[in-house]
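Pasted below: run_6.cif, mmCIF, C-alpha atoms.
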data_my_file
#
loop_
_atom_site.group_PDB
_atom_site.id
_atom_site.type_symbol
_atom_site.label_atom_id
_atom_site.label_comp_id
_atom_site.auth_asym_id
_atom_site.auth_seq_id
_atom_site.Cartn_x
_atom_site.Cartn_y
_atom_site.Cartn_z
ATOM 1 C CA MET A 1435 18.359 -3.944 16.699
ATOM 2 C CA TYR A 1436 20.665 -6.885 17.389
ATOM 3 C CA HIS A 1437 20.710 -10.609 18.010
ATOM 4 C CA ALA A 1438 17.397 -11.584 16.449
ATOM 5 C CA SER A 1439 17.531 -15.257 15.448
ATOM 6 C CA PHE A 1440 16.204 -16.947 12.327
ATOM 7 C CA ARG A 1441 13.880 -18.952 14.565
ATOM 8 C CA GLN A 1442 12.341 -15.768 15.937
ATOM 9 C CA LEU A 1443 11.889 -14.340 12.447
ATOM 10 C CA GLN A 1444 10.335 -17.599 11.234
ATOM 11 C CA SER A 1445 7.932 -17.620 14.190
ATOM 12 C CA LEU A 1446 6.755 -14.118 13.360
ATOM 13 C CA VAL A 1447 6.318 -14.905 9.657
ATOM 14 C CA LEU A 1448 4.291 -18.061 10.336
ATOM 15 C CA VAL A 1449 2.100 -16.401 12.979
ATOM 16 C CA ALA A 1450 1.394 -13.616 10.482
ATOM 17 C CA ARG A 1451 0.623 -16.124 7.731
ATOM 18 C CA HIS A 1452 -1.729 -18.278 9.800
ATOM 19 C CA GLU A 1453 -2.989 -15.532 12.149
ATOM 20 C CA SER A 1454 -2.619 -18.123 14.890
ATOM 21 C CA VAL A 1455 0.099 -19.134 17.352
ATOM 22 C CA SER A 1456 -1.155 -22.725 17.478
ATOM 23 C CA LYS A 1457 -1.062 -23.148 13.678
ATOM 24 C CA ALA A 1458 2.388 -21.574 13.526
ATOM 25 C CA ALA A 1459 3.567 -23.988 16.223
ATOM 26 C CA GLU A 1460 2.133 -26.897 14.255
ATOM 27 C CA ALA A 1461 3.957 -25.768 11.110
ATOM 28 C CA MET A 1462 7.246 -25.479 13.041
ATOM 29 C CA HIS A 1463 6.701 -28.780 14.933
ATOM 30 C CA VAL A 1464 7.098 -27.067 18.312
ATOM 31 C CA THR A 1465 4.777 -26.183 21.194
ATOM 32 C CA GLN A 1466 2.631 -23.053 21.388
ATOM 33 C CA PRO A 1467 4.566 -21.681 24.403
ATOM 34 C CA ALA A 1468 7.783 -22.017 22.389
ATOM 35 C CA VAL A 1469 6.374 -19.831 19.607
ATOM 36 C CA SER A 1470 4.981 -17.312 22.101
ATOM 37 C CA LEU A 1471 8.419 -17.095 23.739
ATOM 38 C CA GLN A 1472 10.061 -16.431 20.359
ATOM 39 C CA LEU A 1473 7.598 -13.597 19.713
ATOM 40 C CA ARG A 1474 8.083 -12.030 23.141
ATOM 41 C CA THR A 1475 11.856 -12.196 22.743
ATOM 42 C CA LEU A 1476 11.668 -10.576 19.309
ATOM 43 C CA GLU A 1477 9.419 -7.816 20.684
ATOM 44 C CA SER A 1478 11.926 -7.255 23.484
ATOM 45 C CA ILE A 1479 14.741 -6.937 20.938
ATOM 46 C CA THR A 1480 12.817 -4.544 18.672
ATOM 47 C CA GLY A 1481 11.331 -2.562 21.554
ATOM 48 C CA VAL A 1482 7.832 -2.510 20.028
ATOM 49 C CA ALA A 1483 4.734 -4.696 20.009
ATOM 50 C CA LEU A 1484 4.604 -6.789 16.835
ATOM 51 C CA VAL A 1485 1.344 -8.698 17.330
ATOM 52 C CA ARG A 1486 -1.943 -8.237 19.152
ATOM 53 C CA LYS A 1487 -4.833 -10.539 19.981
ATOM 54 C CA ASP A 1488 -7.967 -10.236 17.871
ATOM 55 C CA GLY A 1489 -10.637 -12.451 19.378
ATOM 56 C CA ARG A 1490 -9.257 -15.970 19.056
ATOM 57 C CA GLY A 1491 -6.759 -14.960 16.399
ATOM 58 C CA ILE A 1492 -3.589 -12.898 16.147
ATOM 59 C CA GLN A 1493 -3.087 -9.754 14.084
ATOM 60 C CA LEU A 1494 0.035 -7.780 13.251
ATOM 61 C CA THR A 1495 0.587 -4.265 14.528
ATOM 62 C CA ALA A 1496 1.892 -1.651 12.092
ATOM 63 C CA ALA A 1497 5.398 -2.401 13.358
ATOM 64 C CA GLY A 1498 4.714 -6.110 12.943
ATOM 65 C CA GLU A 1499 3.782 -5.665 9.301
ATOM 66 C CA VAL A 1500 7.061 -3.842 8.651
ATOM 67 C CA MET A 1501 9.010 -6.517 10.520
ATOM 68 C CA VAL A 1502 7.339 -9.411 8.659
ATOM 69 C CA ASP A 1503 8.287 -7.880 5.314
ATOM 70 C CA PHE A 1504 11.956 -7.698 6.333
ATOM 71 C CA ALA A 1505 11.860 -11.113 8.038
ATOM 72 C CA GLU A 1506 10.575 -12.784 4.869
ATOM 73 C CA ARG A 1507 13.319 -11.150 2.814
ATOM 74 C CA ILE A 1508 16.026 -12.127 5.312
ATOM 75 C CA LEU A 1509 14.887 -15.755 5.436
ATOM 76 C CA ARG A 1510 14.646 -15.912 1.661
ATOM 77 C CA LEU A 1511 18.139 -14.472 1.229
ATOM 78 C CA TRP A 1512 19.548 -16.991 3.710
ATOM 79 C CA GLU A 1513 17.928 -19.854 1.797
ATOM 80 C CA HIS A 1514 19.266 -18.504 -1.498
ATOM 81 C CA ALA A 1515 22.732 -18.181 0.015
ATOM 82 C CA GLY A 1516 22.747 -21.876 0.886
ATOM 83 C CA GLU A 1517 21.634 -22.784 -2.626
ATOM 84 C CA GLU A 1518 24.337 -20.596 -4.192
ATOM 85 C CA LEU A 1519 26.995 -22.250 -2.031
ATOM 86 C CA SER A 1520 25.701 -25.680 -3.049
ATOM 87 C CA ALA A 1521 25.815 -24.636 -6.695
ATOM 88 C CA LEU A 1522 29.471 -23.637 -6.324
ATOM 89 C CA GLN A 1523 30.158 -27.230 -5.252
ATOM 90 C CA GLY A 1524 28.390 -28.548 -8.333
ATOM 91 C CA VAL A 1525 25.391 -29.747 -6.302
ATOM 92 C CA THR A 1526 21.782 -28.993 -7.243
ATOM 93 C CA SER A 1527 20.088 -29.006 -3.885
ATOM 94 C CA GLY A 1528 17.743 -26.954 -1.781
ATOM 95 C CA THR A 1529 13.978 -26.795 -1.535
ATOM 96 C CA LEU A 1530 11.843 -26.601 -4.650
ATOM 97 C CA ARG A 1531 8.870 -24.487 -3.620
ATOM 98 C CA ILE A 1532 6.272 -25.066 -6.293
ATOM 99 C CA GLY A 1533 2.584 -24.291 -6.563
ATOM 100 C CA ALA A 1534 0.057 -25.683 -9.014
ATOM 101 C CA VAL A 1535 -3.629 -25.209 -9.697
ATOM 102 C CA THR A 1536 -5.850 -28.137 -8.753
ATOM 103 C CA THR A 1537 -6.296 -29.249 -12.353
ATOM 104 C CA ALA A 1538 -2.511 -29.685 -12.647
ATOM 105 C CA GLU A 1539 -2.357 -31.965 -9.594
ATOM 106 C CA HIS A 1540 -2.391 -35.075 -11.786
ATOM 107 C CA LEU A 1541 0.188 -33.534 -14.108
ATOM 108 C CA LEU A 1542 2.857 -33.044 -11.445
ATOM 109 C CA PRO A 1543 4.075 -36.625 -10.759
ATOM 110 C CA PRO A 1544 5.421 -37.257 -14.301
ATOM 111 C CA LEU A 1545 7.281 -33.924 -14.051
ATOM 112 C CA LEU A 1546 8.553 -34.068 -10.482
ATOM 113 C CA VAL A 1547 9.583 -37.726 -10.296
ATOM 114 C CA PRO A 1548 12.261 -37.696 -13.049
ATOM 115 C CA PHE A 1549 13.497 -34.271 -11.920
ATOM 116 C CA THR A 1550 14.008 -35.308 -8.291
ATOM 117 C CA LEU A 1551 15.393 -38.769 -9.104
ATOM 118 C CA GLU A 1552 18.272 -37.054 -10.889
ATOM 119 C CA ARG A 1553 18.708 -34.656 -7.949
ATOM 120 C CA PRO A 1554 18.405 -36.641 -4.714
ATOM 121 C CA ASP A 1555 19.389 -33.613 -2.585
ATOM 122 C CA VAL A 1556 16.357 -31.613 -3.701
ATOM 123 C CA ARG A 1557 13.481 -31.327 -1.227
ATOM 124 C CA LEU A 1558 9.945 -30.557 -2.335
ATOM 125 C CA LYS A 1559 7.445 -28.116 -0.890
ATOM 126 C CA LEU A 1560 4.353 -28.534 -3.029
ATOM 127 C CA GLN A 1561 1.239 -26.380 -2.743
ATOM 128 C CA VAL A 1562 -1.940 -27.236 -4.651
ATOM 129 C CA GLY A 1563 -4.921 -24.888 -4.693
ATOM 130 C CA ASN A 1564 -7.354 -23.005 -6.854
ATOM 131 C CA ARG A 1565 -6.080 -20.303 -9.176
ATOM 132 C CA VAL A 1566 -6.625 -17.434 -6.710
ATOM 133 C CA GLU A 1567 -4.767 -19.276 -3.950
ATOM 134 C CA ILE A 1568 -1.762 -20.069 -6.168
ATOM 135 C CA VAL A 1569 -1.578 -16.504 -7.503
ATOM 136 C CA ASN A 1570 -1.632 -15.166 -3.933
ATOM 137 C CA MET A 1571 1.126 -17.589 -2.883
ATOM 138 C CA LEU A 1572 3.246 -16.435 -5.805
ATOM 139 C CA ALA A 1573 2.600 -12.773 -4.949
ATOM 140 C CA ARG A 1574 3.637 -13.377 -1.307
ATOM 141 C CA GLN A 1575 6.665 -15.350 -2.541
ATOM 142 C CA GLU A 1576 5.603 -18.417 -0.585
ATOM 143 C CA ILE A 1577 6.370 -20.378 -3.770
ATOM 144 C CA ASP A 1578 9.107 -19.780 -6.349
ATOM 145 C CA VAL A 1579 7.450 -21.281 -9.442
ATOM 146 C CA ALA A 1580 3.833 -21.890 -10.361
ATOM 147 C CA ILE A 1581 2.100 -24.080 -12.918
ATOM 148 C CA MET A 1582 -1.232 -22.977 -14.359
ATOM 149 C CA GLY A 1583 -2.938 -22.477 -17.684
ATOM 150 C CA THR A 1584 -2.759 -18.697 -18.102
ATOM 151 C CA PRO A 1585 -0.391 -16.235 -16.381
ATOM 152 C CA PRO A 1586 -2.165 -13.911 -13.926
ATOM 153 C CA ARG A 1587 -2.867 -10.407 -15.162
ATOM 154 C CA GLU A 1588 -2.483 -8.945 -11.681
ATOM 155 C CA LEU A 1589 1.179 -9.993 -11.379
ATOM 156 C CA ARG A 1590 4.226 -9.439 -13.562
ATOM 157 C CA THR A 1591 5.582 -12.910 -14.314
ATOM 158 C CA ASN A 1592 8.058 -14.591 -16.623
ATOM 159 C CA ALA A 1593 6.010 -17.435 -18.094
ATOM 160 C CA ALA A 1594 6.762 -20.135 -20.648
ATOM 161 C CA ARG A 1595 4.484 -22.667 -22.351
ATOM 162 C CA PHE A 1596 5.697 -26.232 -21.911
ATOM 163 C CA ALA A 1597 2.818 -28.581 -22.824
ATOM 164 C CA ARG A 1598 -0.629 -28.799 -24.310
ATOM 165 C CA HIS A 1599 -3.547 -29.078 -21.922
ATOM 166 C CA PRO A 1600 -6.494 -31.114 -23.253
ATOM 167 C CA MET A 1601 -9.848 -30.632 -21.540
ATOM 168 C CA GLY A 1602 -13.365 -31.468 -22.565
ATOM 169 C CA PHE A 1603 -16.890 -32.741 -21.932
ATOM 170 C CA VAL A 1604 -17.028 -36.128 -20.205
ATOM 171 C CA ALA A 1605 -19.834 -38.476 -19.185
ATOM 172 C CA ALA A 1606 -20.438 -41.985 -17.914
ATOM 173 C CA ALA A 1607 -19.937 -44.670 -20.543
ATOM 174 C CA ASP A 1608 -23.664 -45.523 -20.531
ATOM 175 C CA HIS A 1609 -24.917 -41.921 -20.613
ATOM 176 C CA PRO A 1610 -27.661 -41.415 -23.283
ATOM 177 C CA LEU A 1611 -25.619 -38.682 -24.998
ATOM 178 C CA MET A 1612 -22.929 -41.258 -25.806
ATOM 179 C CA LYS A 1613 -25.300 -42.877 -28.314
ATOM 180 C CA LYS A 1614 -26.669 -39.677 -29.807
ATOM 181 C CA ARG A 1615 -25.754 -38.951 -33.420
ATOM 182 C CA LYS A 1616 -24.659 -35.464 -34.395
ATOM 183 C CA LEU A 1617 -24.247 -34.367 -30.790
ATOM 184 C CA THR A 1618 -24.225 -30.574 -30.364
ATOM 185 C CA LEU A 1619 -23.355 -28.140 -27.607
ATOM 186 C CA ALA A 1620 -27.056 -27.475 -27.160
ATOM 187 C CA ASP A 1621 -27.500 -31.135 -26.126
ATOM 188 C CA VAL A 1622 -24.769 -30.705 -23.495
ATOM 189 C CA VAL A 1623 -26.415 -27.535 -22.162
ATOM 190 C CA GLY A 1624 -29.551 -29.472 -21.264
ATOM 191 C CA ALA A 1625 -27.745 -32.402 -19.610
ATOM 192 C CA ASN A 1626 -26.935 -30.923 -16.164
ATOM 193 C CA LEU A 1627 -23.434 -29.735 -16.990
ATOM 194 C CA MET A 1628 -21.153 -29.665 -13.939
ATOM 195 C CA VAL A 1629 -18.260 -27.192 -13.988
ATOM 196 C CA ARG A 1630 -15.563 -25.904 -11.656
ATOM 197 C CA GLU A 1631 -15.798 -22.606 -9.783
ATOM 198 C CA ARG A 1632 -15.413 -19.256 -11.537
ATOM 199 C CA GLY A 1633 -11.778 -18.376 -12.204
ATOM 200 C CA SER A 1634 -10.549 -21.943 -12.668
ATOM 201 C CA GLY A 1635 -8.867 -22.855 -15.956
ATOM 202 C CA THR A 1636 -11.528 -25.339 -17.070
ATOM 203 C CA ARG A 1637 -14.335 -22.920 -16.133
ATOM 204 C CA THR A 1638 -12.743 -20.172 -18.246
ATOM 205 C CA ALA A 1639 -12.394 -22.595 -21.179
ATOM 206 C CA VAL A 1640 -15.991 -23.841 -21.060
ATOM 207 C CA GLU A 1641 -17.319 -20.276 -20.733
ATOM 208 C CA ARG A 1642 -15.393 -19.358 -23.890
ATOM 209 C CA LEU A 1643 -16.893 -22.352 -25.740
ATOM 210 C CA PHE A 1644 -20.412 -21.341 -24.707
ATOM 211 C CA LYS A 1645 -19.920 -17.741 -25.785
ATOM 212 C CA GLU A 1646 -18.435 -18.775 -29.125
ATOM 213 C CA GLY A 1647 -21.381 -21.145 -29.650
ATOM 214 C CA GLY A 1648 -23.912 -18.417 -28.820
ATOM 215 C CA HIS A 1649 -25.188 -20.093 -25.658
ATOM 216 C CA ALA A 1650 -25.986 -18.458 -22.319
ATOM 217 C CA LEU A 1651 -23.747 -19.394 -19.403
ATOM 218 C CA ASN A 1652 -26.416 -21.573 -17.828
ATOM 219 C CA PHE A 1653 -24.615 -24.427 -16.048
ATOM 220 C CA GLY A 1654 -26.303 -27.189 -14.098
ATOM 221 C CA SER A 1655 -23.970 -27.223 -11.093
ATOM 222 C CA GLU A 1656 -20.839 -25.449 -9.889
ATOM 223 C CA VAL A 1657 -18.475 -27.741 -7.974
ATOM 224 C CA SER A 1658 -15.125 -26.768 -6.448
ATOM 225 C CA SER A 1659 -13.584 -30.248 -6.707
ATOM 226 C CA ASN A 1660 -12.537 -32.328 -9.709
ATOM 227 C CA GLU A 1661 -13.024 -35.493 -7.668
ATOM 228 C CA ALA A 1662 -16.603 -34.581 -6.788
ATOM 229 C CA ILE A 1663 -17.442 -33.842 -10.430
ATOM 230 C CA LYS A 1664 -15.928 -37.155 -11.546
ATOM 231 C CA ARG A 1665 -17.914 -39.134 -8.967
ATOM 232 C CA MET A 1666 -21.214 -37.497 -9.810
ATOM 233 C CA VAL A 1667 -20.661 -37.806 -13.559
ATOM 234 C CA SER A 1668 -19.620 -41.459 -13.331
ATOM 235 C CA ALA A 1669 -22.792 -42.090 -11.316
ATOM 236 C CA GLY A 1670 -24.844 -40.694 -14.201
ATOM 237 C CA LEU A 1671 -25.943 -37.452 -12.535
ATOM 238 C CA GLY A 1672 -24.910 -35.295 -15.476
ATOM 239 C CA VAL A 1673 -21.929 -34.436 -17.645
ATOM 240 C CA GLY A 1674 -18.759 -32.586 -16.729
ATOM 241 C CA PHE A 1675 -16.111 -30.393 -18.281
ATOM 242 C CA LEU A 1676 -12.728 -31.475 -16.937
ATOM 243 C CA SER A 1677 -9.045 -31.742 -17.704
ATOM 244 C CA VAL A 1678 -7.998 -34.978 -19.413
ATOM 245 C CA HIS A 1679 -5.134 -35.162 -16.886
ATOM 246 C CA ALA A 1680 -7.635 -35.262 -14.026
ATOM 247 C CA CYS A 1681 -9.586 -38.130 -15.612
ATOM 248 C CA ALA A 1682 -6.761 -40.405 -16.797
ATOM 249 C CA LEU A 1683 -7.600 -43.264 -14.379
ATOM 250 C CA GLU A 1684 -11.340 -43.025 -15.030
ATOM 251 C CA PHE A 1685 -10.767 -43.185 -18.793
ATOM 252 C CA LYS A 1686 -8.518 -46.201 -18.338
ATOM 253 C CA SER A 1687 -11.055 -48.030 -16.153
ATOM 254 C CA GLY A 1688 -13.980 -47.142 -18.417
ATOM 255 C CA LEU A 1689 -15.879 -45.123 -15.797
ATOM 256 C CA LEU A 1690 -15.760 -42.003 -17.961
ATOM 257 C CA ARG A 1691 -15.563 -41.285 -21.669
ATOM 258 C CA MET A 1692 -15.248 -38.197 -23.825
ATOM 259 C CA LEU A 1693 -18.563 -37.153 -25.332
ATOM 260 C CA PRO A 1694 -18.612 -37.709 -29.130
ATOM 261 C CA LEU A 1695 -18.891 -33.974 -29.742
ATOM 262 C CA LYS A 1696 -17.059 -32.353 -32.641
ATOM 263 C CA GLY A 1697 -13.976 -30.534 -31.409
ATOM 264 C CA ASN A 1698 -13.996 -32.360 -28.063
ATOM 265 C CA PRO A 1699 -11.547 -32.232 -26.311
ATOM 266 C CA VAL A 1700 -10.110 -28.740 -26.778
ATOM 267 C CA ASP A 1701 -6.476 -27.842 -26.202
ATOM 268 C CA ALA A 1702 -4.997 -25.057 -24.106
ATOM 269 C CA ASP A 1703 -1.485 -24.535 -22.736
ATOM 270 C CA TRP A 1704 0.250 -25.430 -19.506
ATOM 271 C CA GLN A 1705 2.642 -22.703 -18.426
ATOM 272 C CA VAL A 1706 5.374 -22.521 -15.807
ATOM 273 C CA MET A 1707 6.178 -19.125 -14.338
ATOM 274 C CA HIS A 1708 7.959 -17.101 -11.670
ATOM 275 C CA LEU A 1709 7.751 -13.499 -10.524
ATOM 276 C CA ALA A 1710 9.399 -11.039 -12.895
ATOM 277 C CA GLY A 1711 12.192 -8.936 -11.444
ATOM 278 C CA GLN A 1712 12.808 -11.327 -8.537
ATOM 279 C CA PRO A 1713 15.827 -13.623 -8.136
ATOM 280 C CA ILE A 1714 14.839 -17.248 -8.632
ATOM 281 C CA PRO A 1715 16.626 -19.981 -6.625
ATOM 282 C CA LYS A 1716 18.939 -22.295 -8.556
ATOM 283 C CA VAL A 1717 16.790 -25.359 -7.926
ATOM 284 C CA ALA A 1718 13.641 -23.544 -9.124
ATOM 285 C CA ALA A 1719 15.435 -22.324 -12.234
ATOM 286 C CA ALA A 1720 16.658 -25.868 -12.910
ATOM 287 C CA PHE A 1721 13.120 -27.240 -12.580
ATOM 288 C CA GLN A 1722 11.722 -24.569 -14.875
ATOM 289 C CA ASP A 1723 14.350 -25.384 -17.529
ATOM 290 C CA PHE A 1724 13.635 -29.108 -17.113
ATOM 291 C CA VAL A 1725 9.888 -28.617 -17.578
ATOM 292 C CA ILE A 1726 10.301 -26.414 -20.643
ATOM 293 C CA GLU A 1727 12.659 -28.944 -22.255
ATOM 294 C CA HIS A 1728 10.924 -32.212 -21.332
ATOM 295 C CA GLY A 1729 7.375 -31.257 -20.269
ATOM 296 C CA GLN A 1730 5.543 -31.954 -23.513
ATOM 297 C CA GLU A 1731 7.233 -35.321 -23.953
ATOM 298 C CA LEU A 1732 6.442 -36.398 -20.379
ATOM 299 C CA VAL A 1733 2.838 -35.219 -20.565
ATOM 300 C CA ARG A 1734 2.297 -36.930 -23.906
ATOM 301 C CA SER A 1735 3.707 -40.162 -22.503
ATOM 302 C CA GLU A 1736 1.407 -39.944 -19.480
ATOM 303 C CA LEU A 1737 -1.660 -39.545 -21.721
ATOM 304 C CA GLU A 1738 -0.541 -41.946 -24.445
ATOM 305 C CA GLY A 1739 -3.256 -44.457 -23.589
ATOM 306 C CA PHE A 1740 -5.953 -41.790 -23.832
ATOM 307 C CA TYR A 1741 -4.777 -40.624 -27.251
ATOM 308 C CA GLN A 1742 -4.580 -44.228 -28.498
ATOM 309 C CA ARG A 1743 -8.169 -44.937 -27.391
ATOM 310 C CA SER A 1744 -9.352 -41.651 -28.930
ATOM 311 C CA ALA A 1745 -7.781 -42.597 -32.276
ATOM 312 C CA SER A 1746 -9.334 -46.073 -32.318
#

What is this structure when it is put down as C-alpha cells?
Amino acid sequence: MYHASFRQLQSLVLVARHESVSKAAEAMHVTQPAVSLQLRTLESITGVALVRKDGRGIQLTAAGEVMVDFAERILRLWEHAGEELSALQGVTSGTLRIGAVTTAEHLLPPLLVPFTLERPDVRLKLQVGNRVEIVNMLARQEIDVAIMGTPPRELRTNAARFARHPMGFVAAADHPLMKKRKLTLADVVGANLMVRERGSGTRTAVERLFKEGGHALNFGSEVSSNEAIKRMVSAGLGVGFLSVHACALEFKSGLLRMLPLKGNPVDADWQVMHLAGQPIPKVAAAFQDFVIEHGQELVRSELEGFYQRSAS
C-alpha cells in the first residue's frame, strides 16, 4: 500500500468518529464531495472497501476498522514528531489537546490563560463533557490530558492531585433554610434537592454524604446541566449540590449562598491525568507539570473572594 496522504487518513478517521461524511467535512472545513473523494481514493489505494452506508449514516467495514486504528497512530506520530522537532529548537509549541468534566469548566481559565500566555505558539483543543464522555475521549486518545475529580477505574492512567475541589449545598439567598437554626441533612432532603446525573463528580460526592448520614438516595430532581441547576435554585425552586467553581459568579452577585449546614462545603481533589504506557506530547507534559506546580495557588486565588465571605 503506497501513496496514502495524511488528508486521506484524516478523512477516514473523522468519518469513523462522526459516522457521517457531512460532519467530517464540517470538522475539516471542506465540502462533502471532497471528503467522499478522499475516501474513494484511499479505498482504491488499499484495494478494499473501508466504509459502507447504514441508513443515513456511515459505518466502517472490518477493513475500515483496522485502517482507522493505524491511521490514528500515524497521525498521532506525525504530530508528536513536529512537537519533538520544536522542542529541539527550544520552542514549546504544538496543540494542547485537553478534556475536562463539565464541573471543571469554570476551573480551566485560571489554569490555561497563564500557561498559554507564556507559550504563544501553543494551540488549544479543549473538550468539555460529562465524565463518561471525557473518559471515552481519553481511551480513544482524542485528548492527551484530562481533568476530573477521580481517575477512571476502567482505564490505566497516570494521575496527580493538583488542587482541592470544594462542593456543597447551595440555595437562593432568601430561601427559608438560610434562616433555619441547626440545619441538618434531613432538612435538605425535604427541600427538592437538585443534583447532577449519575456518574458525575458532584453526584458521587452527594451520594456518599447521604449514605454516611443514613439517608436514602431520594433526590428531588436530576439535571444534566450546572447552569440549569443554578437558574432553578436561584429562582427558589429548591436547593442544589454544586461545585464552588461553578457558582463563583452567583456567589459574588448574591444570587446563591452556601447553606449554613455543618461541614458544608466538602472538599475533594482535582486531578490531572494521561493514559499510562502511552507517550505524552511535550506540550501536554508541560501543561501537566504546570498544573501540578501552580494549580492549587491559581485555584485558591480564583476562589479567594468566596473563602473571604465564608470566613466573615

Quiz prompt | Leu1545 (chain A) environment, 12 Å, all atoms listed in the file, sequence neighbours closer than 4 positions dropped, as a ChimeraX atom specification | solution = /A:1532,1538-1541,1549-1552,1581,1596-1597,1706,1721-1736

Exercise. Could you tell me which residues the PyMOL selection byres ((chain A and resi 1662-1674) around 9) grabs in this file, written as JSON, numbers by chain?
Key: {"A": [1602, 1603, 1604, 1605, 1606, 1607, 1608, 1609, 1622, 1625, 1626, 1627, 1628, 1629, 1630, 1654, 1657, 1658, 1659, 1660, 1661, 1675, 1676, 1680, 1681, 1684, 1689, 1690, 1693]}

Near region 1709-1718 of chain A, 6 Å: region 1508-1608 of chain A residue rows, closest pairs, all atoms listed in the file, as CSV:
residue,atom,partner,partner_atom,distance
A:His1514,CA,A:Pro1715,CA,6.0
A:Leu1530,CA,A:Ala1718,CA,5.7
A:Arg1590,CA,A:Ala1710,CA,5.5
A:Thr1591,CA,A:Leu1709,CA,4.4
A:Asn1592,CA,A:Ala1710,CA,5.3

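Coordinates place CA of Ser1445 (chain A) at a distance of 10.6 Å from CA of Lys1457 (chain A).
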
Quiz prompt | Nearby residues (all atoms listed in the file) at most 10 Å from Ala1534 (chain A), same-chain spacing under 6 positions excluded, as an MDAnalysis selection string | solution = chainID A and resid 1541:1542 1560:1565 1567:1569 1577 1579:1583 1706

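Note that the spacing between CA of Asn1570 (chain A) and CA of Thr1638 (chain A) amounts to 18.8 Å.
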
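Between Trp1704 (chain A) and the candidates A:Arg1441, A:Arg1595, A:Lys1613, A:Lys1487, the tightest atom-to-atom separation, counting only C-alpha atoms, involves A:Arg1595.
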
With 3 Å of padding per side, what axis-aligned box (centre and edge lengths, Å, one decimal) covers all the listed atoms of region 1696-1705 of chain A? Give it as AutoDock Vina command-line options.
--center_x -7.2 --center_y -27.5 --center_z -25.5 --size_x 25.7 --size_y 15.7 --size_z 20.2

Practice problem: Could you check which of A:Val1700, A:Val1482, A:Thr1529, A:Leu1443 is closest to Asp1555 (chain A), using all atoms listed in the file? | Solution: A:Thr1529

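Using the PyMOL selection byres ((chain A and resi 1459) around 12) on this structure selects Arg1441, Gln1444, Ser1445, Leu1446, Val1447, Leu1448, Val1449, Arg1451, His1452, Glu1453, Ser1454, Val1455, Ser1456, Lys1457, Ala1458, Glu1460, Ala1461, Met1462, His1463, Val1464, Thr1465, Gln1466, Pro1467, Ala1468, Val1469, Ser1470, Leu1471, Gln1472 and Leu1473 of chain A.
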
Practice problem: Run the PyMOL selection byres ((chain A and resi 1484) around 12) mentally over the shown coordinates, then write out the matched residues as a PyMOL selection string, using the chain letters and numbers from the document. | Solution: chain A and resi 1442-1443+1445-1447+1449-1450+1470+1472-1483+1485-1487+1492-1502

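Take CA of Gly1633 (chain A) and CA of Pro1543 (chain A): the distance between them is 24.2 Å.
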
Practice problem: Write out as a list of chain:residue names which residues come within 6 Å of region 1677-1679 of chain A when counting only C-alpha atoms, dropping same-chain ones fewer than 3 positions away. | Solution: A:His1540, A:Pro1600, A:Met1601, A:Ala1682

Practice problem: List every protein, DNA or RNA residue that has at least one atom no more than 6 Å from (-1.3, -27.1, -25.1) in the file's coordinates, counting only C-alpha atoms, and write the result as JSON, numbers by chain. | Solution: {"A": [1597, 1598, 1599, 1701, 1702, 1703]}
